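Contents: one structure, followed by commentary.
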Amino acid sequence: MIKITDLEKFYRTDEVQTIAINKLSFEVKEGEFVSVMGPSGCGKSTLLNILGLLDDPDGGSYIFNGIEVAGFNERKRANLRKHNIGFVFQSFNLIDELSVFENVELPLIYTGVKPAERKERVHEVLEKMQIMHRRKHFPQQLSGGQQQRVAVARAVVNNPKLILADEPTGNLDSSNGNEVMDLLTELNAAGTTIIMVTHSEHDAKYSHRIIRMLDGQKVTENILAEYQH
Amino acid sequence: MFKIHLKSAWRNLCKSKFYNGLSLLGLSLGLCVAIFIAVWINSELSYNEIGDAKRIYRVSSILSSGENSQTWGVSVGPVAYYAKREVPEVEDAIRLRDFYGYRIFSSSSNKFEARGGALVDPEFFNFFDLKFIEGDASSPFSGNNSVIISKKAAQKYFGTTEAIGKTIAADYKEHFTVTGIIENLPNNSSLDYELFFPISIFSNEYDGSGYWESMDTDWGNFNFLTFLKLKKNASAEKVVQKLTKIQKAKDRNAIQSETRDAYYLQPIQQINLYSYGGEPTQIKTVRIFGIVLILILCIASINYINLNTARSIQRAKEVSLRKLIGADRKQLFIQFIIESCIFFLLAIVLAMGLIYLLAPSFNSVSGKNIDFSFLDPELWRMIGAVFISTLVASSIYPAILLSSFKPLEAIKGNVITGVGAGSFRKVLVCLQFSFSVILIISTIIIGKQLDFITSKNPGYDRSQVFHFSMPEEMRSHKEAIVNQIKNLPNIASVSFSNSNIINNGMTTGDTNWDGKDPQSDFIVNPIGVDEDFIPMMKMQLVAGENFKGRANDSLHFILNETAVKQAGIKNPIGKSFELWETKGIIAGVVKDFNFASMKNKIEPAVMYYDPNPYRIYIKTTDGDISASMAAIEEIWNTYNPGFPFSYSFLDKQYETMYCNDIRTGKLFRIFSILAIFVSCLGLFGLSTYTAQLKNREIGIRKVLGASVAQITSLLSKDFLKLIAISCIIAIPVGWYLMQFWLQNFAYKTNLDWWIFAGAGILTLLIALVTVSSQAIKAALSNPVKNIKTE
């Protein structure tokens, strides 16, 4: 589903150029659950942003679903993104002015889904995330775990092929964190590809494969024992 | 999608009550003022919308003499007569003349001062498409004792519109039967009449024995306002050429060598905006108000843009999230435009509330009588135009900026308001305050000019002088009356003239002197006076002597300096001079004095001795004159039973002459103050926001020992720099605009340097107070809290 080859990304200031991603190559197959780990500043988030079509690479190739997307303009990237990719963030990133229902509904609005179908799909996903009873609440009225469930609901409501999760349990206690990881596992089991950036070895164990990075490069790649064929 | 945009917009509005409140207040005030100005401009531009106005012209007469030329709004009777018969481009022509000579118009139940009466050609009503409620437009008058009245006049005189057959009396002696009732003429019109009498009353005065045989052949007396309706697509210039040719052929006194046009056709919708000759007058004020309208809308828009973009960092995260979950730029742009629309709708509702409350005050200050009815489509046109232009100007930039955030950076809080947004905001603040400084400069100069003309010495002493016109019944007892008045307490002196010295309004070309070019008319303002007039008015004789009250005074003339200069008479005293075919000599030269508006240059004037002028001038002393006024009224009543005693003080009349300018000045002052207030609201919002953004920095600086003054200066100096730059930009622009406005006046105040310096300092002070209040508040806050909250 994803194939990156010799991917590069630099950050430049007036005098200094920092390499964020350095000739990185790997592949993620459809239905895989991959964790990306590494110390702060190793390029994990930059990688996630490029994979999520939020940022452009400076070099190399990025093939998404068989299409070369490196060099896509913002409009094309946005179009591809909204139909194929869902995001889950450490800090939930819900829109404070919108209720739970409205937050989850928003991606469907942007993809032009009709109101009746929107309502049905939002209800369905809220039921699945067990947050239906809080649908009229605003983000500030929810616990961290509940907020992250809403964020996951929002990420999956459009049935994306790929979910990119950036430390999804980073702001949660262990019990809420486990609940979110279980949710992601269920989604993956249902066929959604997941790439997750995390510092947590515990969370990484939910995935099939762990890519470890340092200084913008892949240092190791482990397939967890139970997924080895 | 629209619904969710509405919800988001409303919730965002409620979230930042302080900033949105400031923005809303500024915008509502700006829109309210702008709508008032738009309505004022519209009222000036929609003057005389009567009949097929676009094809109707008033004939101005141009009297050329040598290098000089005068243009009058009135014309001679034959112009309409021949225009209708011999100029194919003219569809119709009518004449109108004030019906004066009477003091009272009365019905059986009511009486009023004789105003609002006009003598008109019978075609007048069809010419202006005036609708008859009763009567017949094709034959409106049944004879010379017939009158057509407006609906308003019917109510006024008879208390009902069923007035056909009823009579209106002039001075209780002439009776006119109402033969028609027409709809009221528009308020916003120079045809401010309510009683229409047949012009034959006037034409019958020609009995064929005088110099001019009939009204239609009298080329010498400029008695009428003449209106021409041209055929569609007809050229006014061609009509002028043909009328000039006719005048040369038919007027026995026409100067055949004169090559200039004798007429100018002024579109009736421009009568209030241009002079008789088509020179721009009030249109200049309209243009300046147009500029003020744009400035005020810019100020209000800039507030909105600045407060919106300054706080955009707070929206950055939301924008980024929306982008991450699929919103494209267009969708976000639309969202922000919708938000602006909602905000503007709120502002316009508030502005309309303000308009409703302030409409009576606006009408009173502007001297207009505008009906601010929200059922009036014209008002909605104004509101719509102001609303849409401001919305478009204000909403696009913030929407572009907000929708342009790069989601990644914004979500992490790395992005500030976009590259250049801060600089752009500074430019806008500069522009906004430049506009404010221009308005302050303009306000000061307009006020100074009005002071200048109202306090300038007109060349005579108008203080404590009142005057009234004496009817024949009184004039035959002149000496007895003068003695009675002179003996009253606190009466200083009495004199006579046949002119209203504030605004003489009479001219003639019937002059001659030795050495005058026979091919030129010398147009002068004749002023008939008695021997006491010049001393009483404290006019200064620069040569010769005053009239002496002797028989030979009627052969003496006193010229003003301009007359002597323009006539080119050297050593004038004793030289011959002829006025209205009376040959005499120049006995004196009086120092120039203003007998018309200060907007015009002093024209040539000739004072001649009139032994029995109708206007009495009475100068009082400082004491209480109420008893004397009562006694004079009693004298009046003795000779004029049934007629009200009506008099005017010169001072008041002088002010009335400038009331339009004084109103303009007042409106300007009010609009400027509001504009500056709106600018300050924006500055207050921005400075508060800057102080909030710098909370942590302020905390750290305080911990490190910064004083309140240092922190205040830190927060204020950037804004004050911008204001200083604004002053530098605004001063030359303000100077240029006011030079343009002052061209309206022949006598101008000086554009002193202190006006510009004062406007700059005043703006800086206002800005300093606005900004420093927030800066001081921030500087006094608890540093520990600031550091922690960050």
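Residue numbers start at 1 in each chain; chains themselves are named A, B, ... in the order of the structure tokens; ligands are numbered from 1 in the order shown.
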Residue list for chain B near chain A as a ChimeraX atom specification, 6 Å, only C-alpha atoms | /B:11,318,325-327
Dump as a JSON list (two decimals), in the first residue's frame, selection limited to C-alpha atoms:
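The result, stored in again.json:
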```json
[["chain", "number", "residue", "atom", "x", "y", "z"],
["B", 11, "ARG", "CA", -19.73, 29.63, 18.82],
["B", 318, "GLU", "CA", -8.79, 24.64, 14.30],
["B", 325, "ILE", "CA", -9.67, 15.78, 8.31],
["B", 326, "GLY", "CA", -10.32, 16.70, 4.75],
["B", 327, "ALA", "CA", -11.23, 20.36, 4.37]]
```
I'd like the neighbourhood of B:Ser687 as a compact mmCIF listing (two decimals) with C-alpha atoms, in the first residue's frame, where a residue qualifies if any of its atoms comes within 9 Å (using only C-alpha atoms), though same-chain residues fewer than 6 positions away should be ignored.
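In the end it all went to out.txt:
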```
# COMPACT_ATOMS: atom_id res chain seq x y z
CA LEU B 715 4.32 47.68 24.59
CA SER B 716 3.42 51.16 23.37
CA PHE B 719 2.15 51.41 18.00
CA THR B 770 -5.56 54.05 24.15
CA VAL B 771 -2.44 51.90 24.03
CA SER B 772 -0.86 52.78 27.33
CA GLN B 774 -3.55 48.30 28.28
CA ALA B 775 0.23 48.43 28.54
```
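Of the residues under consideration (B:Ile445, B:Gly515, B:Pro613, B:Phe18), B:Pro613 shows the shortest atom-to-atom contact distance to B:Pro471 when counting only C-alpha atoms.
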Non-local contacts of stretch 208-219 of chain A (12 Å; only C-alpha atoms; under 5 positions in same chain excluded) as a ChimeraX atom specification | /A:4-11,18-29,31-47,185,188-189,193-203,224-229
Shell around stretch 163-169 of chain B at 7 Å using only C-alpha atoms, local window under 4 positions removed, as JSON, numbers by chain = {"B": [105, 106, 107, 154, 158, 173, 174, 175, 176, 177, 178, 179, 180]}
Hey, can you check how far atom CA of A:Glu117 sits from atom CA of A:Glu179?
-> 27.8 Å
Name the residues of stretch 461-602 of chain B that fall into alpha helix (DSSP H) according to DSSP on the backbone, using the chain letters and numbers of this document, as an MDAnalysis selection string.
-> chainID B and resid 472:475 478:486 533:536 561:567
What is the atom CA of B:Thr638 to atom CA of B:Gln653 distance in Å?
-> 26.6 Å
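Among the candidates B:Asn503, B:Ser75, B:Ile725, B:Pro458, the residue lying nearest to B:Thr656 is B:Asn503 (atoms considered: only C-alpha atoms).
One finds atom CA of B:Thr160 at 26.5 Å from atom CA of B:Phe127.
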How close does stretch 401-501 of chain B get to stretch 334-341 of chain B? List, as JSON lines, each residue of stretch 401-501 of chain B within 10 Å, its nearest atom pair and the distance in Å to one decimal, counting only C-alpha atoms.
```
{"residue": "B:Leu401", "atom": "CA", "partner": "B:Phe336", "partner_atom": "CA", "distance": 9.9}
{"residue": "B:Leu402", "atom": "CA", "partner": "B:Phe336", "partner_atom": "CA", "distance": 7.8}
{"residue": "B:Ser403", "atom": "CA", "partner": "B:Phe336", "partner_atom": "CA", "distance": 8.0}
```
Now that the selection is made, can you save its residues with C-alpha atoms as a compact mmCIF listing (two decimals), in the first residue's frame?
```
# COMPACT_ATOMS: atom_id res chain seq x y z
CA LEU B 401 -5.00 34.24 5.56
CA LEU B 402 -6.82 31.85 7.84
CA SER B 403 -7.39 29.24 5.16
```
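Shortest separation to B:Arg85 among B:Ala310, B:Leu119, B:Ile246, B:Ala706 occurs at residue B:Ile246, atoms counted being only C-alpha atoms.
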With a distance cut-off of 8 Å and only C-alpha atoms, select the neighbouring residues of B:Gly760, excluding the residue or stretch itself and same-chain residues fewer than 6 positions from it, and output the selection as a PyMOL selection string.
-> chain B and resi 437+724+727
Would you return as a VMD selection string the members of chain A that DSSP assigns to strand (DSSP E or B) on this structure's backbone?
-> chain A and resid 2 to 12 17 to 28 33 to 37 59 to 64 67 to 68 85 to 89 162 to 166 193 to 197 209 to 214 217 to 223
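Proximity to B:Leu346 was assessed for B:Asn306, B:Ser214, B:Ser28, B:Asn126 counting only C-alpha atoms; the smallest distance is recorded for B:Ser28.
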Quick one: everything within 12 Å of B:Glu634, counting only C-alpha atoms, minus sequence neighbours fewer than 6 positions away in the same chain. Send it as number ranges by chain.
-> B: 481, 484-485, 627-628, 640-645
